[in-house]
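Undergrad: Quick one: structure below, then a few questions.
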Amino acid sequence: MHEFALAQAVVAEVEKIVEKGYRVEKLRIYLGELQSVDREVFEQYVSMMLREVQENVDVEYVDEEAEFSCRVCGYKWSLSELELDEDEREAIHFLPEAVYSYVKCPRCSSRDYAIERGRGVRISIEYSE
Amino acid sequence: MHEFALAQAVVAEVEKIVEKGYRVEKLRIYLGELQSVDREVFEQYVSMMLREVQENVDVEYVDEEAEFSCRVCGYKWSLSELELDEDEREAIHFLPEAVYSYVKCPRCSSRDYAIERGRGVRISIEYSE
Amino acid sequence: MSRHYTVLDPRLEGAKKMLSSVSRIIAVMSSKGGVGKTLFSAVFASIASRKGFRVGLLDLDITNPGLHVVLGIDPLSIQPGEEKGITPVSISRLEFMSTVFYTRDNPSPMRGTSVDNAIREVLAATRWSRLDILVVDTAPGLSDVAISTLEYFPGVEVVVVATPSRLSINSIEKLLKLLSEMKYKKYLVENMSSGNLLVDLARKYHTVYLGSIDYYREVEEYIGDIEKLVSSRFGRSVEEIANKIL
Amino acid sequence: MSRHYTVLDPRLEGAKKMLSSVSRIIAVMSSKGGVGKTLFSAVFASIASRKGFRVGLLDLDITNPGLHVVLGIDPLSIQPGEEKGITPVSISRLEFMSTVFYTRDNPSPMRGTSVDNAIREVLAATRWSRLDILVVDTAPGLSDVAISTLEYFPGVEVVVVATPSRLSINSIEKLLKLLSEMKYKKYLVENMSSGNLLVDLARKYHTVYLGSIDYYREVEEYIGDIEKLVSSRFGRSVEEIANKIL
Ligand SMILES: Nc1ncnc2c1ncn2[C@@H]1O[C@H](COP(=O)(O)OP(=O)(O)O)[C@@H](O)[C@H]1O
Ligand SMILES: Nc1ncnc2c1ncn2[C@@H]1O[C@H](COP(=O)(O)OP(=O)(O)O)[C@@H](O)[C@H]1O
Ligand SMILES: [Mg+2]
Ligand SMILES: [Mg+2]
Ligand SMILES: [Mg+2]
Ligand SMILES: [Mg+2]
Ligand code: NI
Ligand code: NI
Ligand SMILES: [Zn+2]
Ligand SMILES: [Zn+2]
C-alpha cells in the first residue's frame, strides 16, 4: 500500500519535533479528497508508527473536499462534478497532479486551473516545551 | 515613463467594468514597495485617464511594504534589509522578478524565496449596479 | 442596488491594450528543447521585416533567454526606452524585447509563479509600435511559459518546431494534442532534418506542414550575426517557410 | 510552558526517509534544452548498473518526460508496484520511476506549483531499494524542476551536460554560476562535439571536466533499445566518462 509512505512522511515530521525535545500535543491530519487515501489503512499505519515516536499523541483526521478553480474563466468546481473512470482515479490517487492529464474546466475546457483545496495529505501540529 | 503603462492597465480594468454598465464606487490601488513606482507621476496618469472613463471615481492609494520569505530556511525579510545599487533598483522597477538575479536570502543565501507582499501594482474595485 | 467587490491583477487588461497595436501574433513553440525555436524565431522575424512587414520579437523563455545571443546584443550596453511604457530595442529592423535587459544576463532562477508574473509584467508594460507581426519565442516543456503564451495573446497562431527524432516526436505529439483541443491555428516546421518525415504527424493533428530545414553546420559561426544568418542556407530555408504564412 | 503551532507539508521529511536508502544522488542538469540530458541519464545509469552498482533512474522532467522513450517502455502496459510506498519499475537492471506512469503519456500541462507538488509527491512516495546511485534526469530552464532538484536531494552531485554551441554556453554559464554559489559538487559533460571545447568553461567555474561525446548519427535508431545504446559508440563514450566518477 502506498498509504504507508504517506503515513511515514507524517510521522517523520512528528519525530523531527519530538527529537528537538518538544512534546506533540495535537496532530491534525487533513486528507484531501482528490488523492482519496484509504483512510482506515492510513490511520492504522499512522498510529502504529506514531507509537514508536511518542506515546499518546492526540490525532484528529479532517476530510478536505477538493475544489478546483479555473484560471481562465474563474469557474469553481468540486470532484463530484467530474466523471473519472477507475484508471484515472487510480492514477490521481498516486499522483494528484495527474488530474491535469484527464480533467478540463467543465465550463471553458481550459487545463489551466488550480487545485485550491483538498489535494492530498497535509498536517498541522501543536507542541509544547 | 513606464508608469503610464501601469496606470493604463489599472484604468483598463475600470473601463471594463464601466462598459458592462456598472458604476465604480471605489478604486483601491496597492503600490508595492519592490517596484517603487513614481507615485506622483502614476497618480497623475491614473486621474487623467480615469476622467475619460467615469467621473468622480473615489481612488485610494495604499503603499504595500515588500516582504520576502525564504522557501529553504523560512527567514522573512523586508526591502530595507537589502543593499541594492542604483542599476539593480532600476531593473527591479521595470521587472520586479529581476530581484532573483540580484538578491539571495540574507540568512541562508538561497534564491528560492517568495515575494510575499509588495511586489507591484494591484487593485481592488467596488462597484454597483 | 447591489454592491460588488473584486480584487484584480490589472496586467492582463493592460496587455490587451498594448497588444491591440499588433495585427498578428505568432508564437514559436515546442515542448521539446533544443529543436531550434530560438534560432527560427530570430531568423523568421528578421526575414519578415526584410519583406517590408513591421515586426516585433519577444523572448518569453524567461529563465533561459537566448534571442539576444542570436541577435548579437549585449544586454549590458543597450536598454529599452521609456515612452508611455517600455519601448523595445530597435535592432536590425526589428523591435526586440526580452527580460534579459533587466536580469542583465545574470542567472534568473524563478519558480513558475514568478515566470508568469514576469510575463504579465512585460506584456502590460511593453509598448510596441503598430506591428504587422509579433513573433514570440517560448520555453520548452508544458509549464508556465507555454500555458501563459496560449492564454495571454489574443488570436495567437502557433508555429511548432520539431526535429524528427523519436524523443522529439513523443513530446511534440502531446503539444499538438493540446493545441487541437484548444482550436489554435497551428503550423509545423521540421528542423535539422534532411527529409519530410513529419508530414503525417502534422496531418494527424490537422496542422499545416510548412516544410523542412536541413542541419547546416555553418549556422553555429553565424550565431550573433543576424544578417549572416538571414542570408545563409538556413535563412533561405526559413524564407521558403515564411513565404507560406506571410 | 509555551505552546507552538505549525502547518506542514510532510512530504519533504518523507522524501528524506525514502532517500536514506540511496548512497549517492547524481542529477543530470542543463539550463539548455536538447543537449542530451535524457539520453545521457539513461545510458549512464544503465552502464553503472552493468558495472555492478545498484542503480535507480528517476525522470523529473514532469511536463516533458523522455526517459521511458529512451528505455523503450510503454507506460500503458507496465506500472510501478505498491509495497510500503510506490516501488519503481524494474527494467534492464535498473529501478525506474517516472510520473508518466500516471499521466499515461497524455499531455500533462502544469504550472510550476503543480510541477513542484508532483516532485514532492514522487519523492515522498517512491520506495527505492538500497541503491548505490540514483540518477535524476531534469528539465531545461532554471525553474521549478531545477530549483527543487537542487533543494530536495541531500548531497546531490550535478552532472551538467552542454554542447559547444554559443547558445548553450551562454545558458550553461548561468547554471554553473548558480551551482558555484551553492557549493555543489559538479561535473561537465560536453555532448555532440568533436573536440574538447568546454574545458576552459569548466575550469572557470571549478567544475570537473569529464570529457566529450561525439555526435553519432546511429543513436537515433537505437532510441527505445537501451541495450543497443549501451553497446553503441555513444555508450562507449559514456562509459569512459562514467569510469571517472563511479
Ligand atoms: N537547422 C539547423 N542547423 C544547424 N544548427 C541548428 C539548426 N537549428 C538549430 N540549430 C542549433 O541547435 C541548437 C538549438 O537551437 P535553439 O534555437 O537554441 O533551440 P531551442 O530554442 O528550441 O532550445 C542551437 O545551438 C542552434 O544553433
Ligand atoms: N551524442 C549524440 N549523438 C547523436 N544524437 C544525440 C547525442 N546526444 C543526444 N542526441 C539526440 O539529441 C536529441 C536531444 O537529446 P535529449 O537527451 O532529449 O536532450 P535533453 O534531455 O537535454 O533535452 C535527442 O534526439 C537525442 O537522441
Ligand atoms: Mg492500487
Ligand atoms: Mg529610468
Ligand atoms: Mg530557445
Ligand atoms: Mg530531456
Ligand atoms: Ni495507495
Ligand atoms: Ni518607470
Ligand atoms: Zn474555465
Ligand atoms: Zn533562507
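How things are named: the first chain in the C-alpha cells is A, the next is B, and so on; residues count from 1 in each chain; ligands count from 1 in the order shown.
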Need the shell around region 145-152 of chain C: protein/DNA/RNA residues with any atom at most 8 Å away, counting only C-alpha atoms. Skip same-chain ones fewer than 4 positions apart. Format as a tab-separated table (two decimals) with N, CA and C atoms, in the first residue's frame?
TA:
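Okay, this is what ended up in out06.tsv:
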```tsv
chain	number	residue	atom	x	y	z
A	72	VAL	N	-8.78	30.66	-16.24
A	72	VAL	CA	-9.21	31.39	-17.43
A	72	VAL	C	-10.59	32.01	-17.23
A	112	ASP	N	-5.89	25.07	-17.49
A	112	ASP	CA	-5.16	25.96	-16.58
A	112	ASP	C	-6.06	26.29	-15.40
C	12	LEU	N	-3.40	41.89	-17.15
C	12	LEU	CA	-3.89	41.21	-18.35
C	12	LEU	C	-4.73	42.16	-19.21
C	15	ALA	N	-2.19	44.24	-20.89
C	15	ALA	CA	-1.58	43.52	-22.02
C	15	ALA	C	-2.47	43.64	-23.26
C	27	ALA	N	3.42	32.62	-32.10
C	27	ALA	CA	4.26	32.05	-31.05
C	27	ALA	C	5.00	30.84	-31.59
C	29	MET	N	6.69	27.57	-30.70
C	29	MET	CA	6.61	26.69	-29.53
C	29	MET	C	7.13	25.29	-29.81
C	60	LEU	N	10.16	35.08	-24.48
C	60	LEU	CA	9.44	34.69	-23.26
C	60	LEU	C	10.05	33.46	-22.58
C	61	ASP	N	11.24	33.07	-23.01
C	61	ASP	CA	11.92	31.98	-22.29
C	61	ASP	C	12.63	32.62	-21.09
C	62	ILE	N	11.82	32.97	-20.10
C	62	ILE	CA	12.24	33.88	-19.03
C	62	ILE	C	13.48	33.40	-18.27
C	115	VAL	N	7.76	33.32	-13.04
C	115	VAL	CA	7.85	33.33	-14.50
C	115	VAL	C	6.56	33.95	-15.07
C	116	ASP	N	5.44	33.52	-14.54
C	116	ASP	CA	4.16	34.04	-15.02
C	116	ASP	C	4.03	35.54	-14.71
C	119	ILE	N	6.04	37.46	-17.18
C	119	ILE	CA	5.38	37.53	-18.49
C	119	ILE	C	4.27	38.59	-18.47
C	138	THR	N	9.45	30.97	-27.12
C	138	THR	CA	8.99	30.43	-25.85
C	138	THR	C	9.96	29.38	-25.29
C	139	ALA	N	9.59	28.82	-24.14
C	139	ALA	CA	10.44	27.84	-23.46
C	139	ALA	C	9.93	26.43	-23.71
C	140	PRO	N	10.81	25.44	-23.61
C	140	PRO	CA	10.35	24.05	-23.73
C	140	PRO	C	9.51	23.64	-22.52
C	141	GLY	N	8.93	22.45	-22.60
C	141	GLY	CA	8.05	21.98	-21.54
C	141	GLY	C	6.63	22.47	-21.75
C	156	VAL	N	-3.57	34.16	-31.00
C	156	VAL	CA	-2.21	33.71	-31.31
C	156	VAL	C	-2.22	32.51	-32.27
D	109	PRO	N	0.08	19.37	-18.95
D	109	PRO	CA	0.42	20.78	-18.75
D	109	PRO	C	0.24	21.15	-17.29
D	111	ARG	N	1.42	24.20	-14.27
D	111	ARG	CA	2.20	25.35	-13.84
D	111	ARG	C	3.20	24.91	-12.77
```
Undergrad: Please return as a PyMOL selection string: the residues of chain B that backbone DSSP assigns to strand (DSSP E).
TA: chain B and resi 23-32+58-64+67-70+76-78+113-117+121-128
Undergrad: Could those residues be written to a file, using C-alpha atoms, as a CSV table (one decimal), in the first residue's frame?
TA:
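Result saved to result_7.csv:
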```csv
chain,number,residue,atom,x,y,z
B,23,ARG,CA,-20.7,52.3,-11.6
B,24,VAL,CA,-17.3,52.2,-9.9
B,25,GLU,CA,-17.7,53.4,-6.4
B,26,LYS,CA,-14.2,52.9,-5.1
B,27,LEU,CA,-10.8,52.0,-6.7
B,28,ARG,CA,-8.1,51.0,-4.3
B,29,ILE,CA,-4.6,50.9,-5.8
B,30,TYR,CA,-1.9,49.0,-3.9
B,31,LEU,CA,1.6,50.1,-4.7
B,32,GLY,CA,4.2,47.5,-4.0
B,58,ASP,CA,-13.0,57.6,-5.4
B,59,VAL,CA,-9.4,56.5,-5.6
B,60,GLU,CA,-7.4,55.4,-2.6
B,61,TYR,CA,-3.7,54.6,-2.7
B,62,VAL,CA,-2.2,52.1,-0.4
B,63,ASP,CA,1.5,51.6,0.0
B,64,GLU,CA,2.4,48.0,0.5
B,67,GLU,CA,8.1,41.1,2.2
B,68,PHE,CA,10.2,38.1,1.1
B,69,SER,CA,10.2,34.7,2.7
B,70,CYS,CA,12.8,32.0,2.1
B,76,LYS,CA,11.4,36.6,6.3
B,77,TRP,CA,12.8,39.9,5.3
B,78,SER,CA,12.0,43.4,4.0
B,113,TYR,CA,12.2,32.7,-1.9
B,114,ALA,CA,8.8,34.1,-2.4
B,115,ILE,CA,7.8,37.7,-2.8
B,116,GLU,CA,5.0,37.5,-0.3
B,117,ARG,CA,3.8,41.1,-0.4
B,121,VAL,CA,0.6,47.3,-8.7
B,122,ARG,CA,-2.6,45.5,-7.8
B,123,ILE,CA,-6.1,46.8,-7.3
B,124,SER,CA,-9.5,46.2,-5.8
B,125,ILE,CA,-12.7,47.7,-7.1
B,126,GLU,CA,-16.1,48.3,-5.5
B,127,TYR,CA,-18.9,48.8,-8.0
B,128,SER,CA,-22.7,48.9,-8.0
```
Undergrad: So which residues of region 75-126 of chain D fall under helix (DSSP H, G or I) by DSSP, listed as a list of chain:residue names?
TA: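 Across region 75-126 of chain D, those assigned helix (DSSP H, G or I) are D:Val100, D:Phe101, D:Tyr102, D:Thr103, D:Gly112, D:Thr113, D:Ser114, D:Val115, D:Asp116, D:Asn117, D:Ala118, D:Ile119, D:Arg120, D:Glu121, D:Val122, D:Leu123, D:Ala124, D:Ala125.
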Undergrad: For the residues in that selection, give me N, CA and C atoms as an mmCIF file, in the first residue's frame.
TA:
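So the final result, stored in selection.cif, reads:
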```
data_model
loop_
_atom_site.group_PDB
_atom_site.id
_atom_site.type_symbol
_atom_site.label_atom_id
_atom_site.label_comp_id
_atom_site.auth_asym_id
_atom_site.auth_seq_id
_atom_site.Cartn_x
_atom_site.Cartn_y
_atom_site.Cartn_z
ATOM 1 N N VAL D 100 5.158 9.609 -15.768
ATOM 2 C CA VAL D 100 4.473 9.211 -16.993
ATOM 3 C C VAL D 100 3.599 7.974 -16.748
ATOM 4 N N PHE D 101 3.903 7.196 -15.716
ATOM 5 C CA PHE D 101 3.057 6.045 -15.389
ATOM 6 C C PHE D 101 1.666 6.491 -14.937
ATOM 7 N N TYR D 102 1.550 7.721 -14.479
ATOM 8 C CA TYR D 102 0.260 8.237 -14.011
ATOM 9 C C TYR D 102 -0.397 9.176 -15.019
ATOM 10 N N THR D 103 0.407 9.897 -15.763
ATOM 11 C CA THR D 103 -0.180 10.742 -16.812
ATOM 12 C C THR D 103 -0.448 9.891 -18.055
ATOM 13 N N GLY D 112 4.134 25.797 -12.469
ATOM 14 C CA GLY D 112 5.243 25.443 -11.591
ATOM 15 C C GLY D 112 4.838 24.870 -10.245
ATOM 16 N N THR D 113 3.820 25.433 -9.629
ATOM 17 C CA THR D 113 3.385 24.936 -8.321
ATOM 18 C C THR D 113 3.025 23.463 -8.397
ATOM 19 N N SER D 114 2.364 23.079 -9.475
ATOM 20 C CA SER D 114 1.968 21.683 -9.632
ATOM 21 C C SER D 114 3.167 20.806 -9.966
ATOM 22 N N VAL D 115 4.085 21.336 -10.756
ATOM 23 C CA VAL D 115 5.317 20.596 -11.033
ATOM 24 C C VAL D 115 6.033 20.294 -9.717
ATOM 25 N N ASP D 116 6.135 21.309 -8.877
ATOM 26 C CA ASP D 116 6.806 21.121 -7.594
ATOM 27 C C ASP D 116 6.045 20.134 -6.718
ATOM 28 N N ASN D 117 4.735 20.225 -6.709
ATOM 29 C CA ASN D 117 3.922 19.273 -5.957
ATOM 30 C C ASN D 117 4.141 17.848 -6.445
ATOM 31 N N ALA D 118 4.194 17.684 -7.756
ATOM 32 C CA ALA D 118 4.397 16.356 -8.322
ATOM 33 C C ALA D 118 5.764 15.803 -7.893
ATOM 34 N N ILE D 119 6.763 16.654 -7.889
ATOM 35 C CA ILE D 119 8.108 16.214 -7.475
ATOM 36 C C ILE D 119 8.101 15.786 -6.010
ATOM 37 N N ARG D 120 7.501 16.614 -5.153
ATOM 38 C CA ARG D 120 7.439 16.264 -3.733
ATOM 39 C C ARG D 120 6.710 14.929 -3.533
ATOM 40 N N GLU D 121 5.626 14.766 -4.256
ATOM 41 C CA GLU D 121 4.822 13.548 -4.113
ATOM 42 C C GLU D 121 5.637 12.313 -4.495
ATOM 43 N N VAL D 122 6.304 12.414 -5.640
ATOM 44 C CA VAL D 122 7.082 11.269 -6.123
ATOM 45 C C VAL D 122 8.219 10.931 -5.149
ATOM 46 N N LEU D 123 8.875 11.955 -4.635
ATOM 47 C CA LEU D 123 9.988 11.688 -3.721
ATOM 48 C C LEU D 123 9.504 11.075 -2.408
ATOM 49 N N ALA D 124 8.359 11.520 -1.928
ATOM 50 C CA ALA D 124 7.854 11.002 -0.654
ATOM 51 C C ALA D 124 7.264 9.611 -0.801
ATOM 52 N N ALA D 125 6.792 9.277 -1.989
ATOM 53 C CA ALA D 125 6.062 8.015 -2.173
ATOM 54 C C ALA D 125 6.940 6.883 -2.707
#
```
Undergrad: Around ligand 4, out to 9 Å and counting only C-alpha atoms and all ligand atoms, which residues are there? I want them as a list of chain:residue names.
TA: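 I would give the residues around ligand 4 as B:Met1, B:His2, B:Glu90, B:Ala91, B:His93, B:Phe94, C:Gly81, C:Glu82.
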Undergrad: Could you list, as a list of chain:residue names, all protein and nucleic acid residues with an atom at most 8 Å from ligand 10, counting only C-alpha atoms and all ligand atoms?
TA: B:Ser69, B:Cys70, B:Arg71, B:Val72, B:Cys73, B:Gly74, B:Tyr75, B:Lys104, B:Cys105, B:Pro106, B:Arg107, B:Cys108, B:Ser109, B:Ser110, B:Arg111, B:Asp112, B:Tyr113
Undergrad: At a cut-off of 7 Å and counting only C-alpha atoms and all ligand atoms, what residues surround ligand 1? Please answer as a PyMOL selection string.
TA: (chain C and resi 30+32-40+66+140+191-192+213-217+219-220+223+234) or (chain D and resi 32-34+165-168)
Undergrad: Which residue out of D:Val161, D:Val70, D:Val22, D:Met110 has the minimum interatomic distance to chain A when only C-alpha atoms are used?
TA: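 Once distances to chain A are computed over only C-alpha atoms, the minimum belongs to D:Met110.
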Undergrad: How many Å lie between CA of Ser21 (chain D) and CA of Ala242 (chain D), rounded to one decimal?
TA: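 We find that CA of Ser21 (chain D) and CA of Ala242 (chain D) lie 21.8 Å from each other.
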Undergrad: For chain B, which residue among D:Lys174, D:His206, D:Lys186, D:Arg233 is the nearest when counting only C-alpha atoms?
TA: D:Lys174
Undergrad: Could you please determine the separation between CA of Ile241 (chain C) and CA of Gly56 (chain C) in Å, to one decimal place?
TA: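 Those two atoms sit 18.4 Å apart.
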Undergrad: When you count only C-alpha atoms, which of these residues is closest to chain B: C:Arg104, C:Asp144, C:Ser31, C:Glu95?
TA: C:Arg104
Undergrad: I need the contact residues of chain D against chain A, so if you could list those with any atom within 6 Å, counting only C-alpha atoms, and return them as a PyMOL selection string, that would help.
TA: chain D and resi 1-11+13-14+82-86+102-103+106-108+125
Undergrad: Suppose you want the space between CA of Pro65 (chain D) and CA of Pro65 (chain C); what is it in Å?
TA: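 Going from CA of Pro65 (chain D) over to CA of Pro65 (chain C), I get 21.9 Å.
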Undergrad: Please identify all polymer residues within 12 Å of Asn243 (chain D), counting only C-alpha atoms, omitting same-chain residues fewer than 2 positions from it, and present them as a ChimeraX atom specification.
TA: /D:44,47-48,51,210-211,236-241,245-246
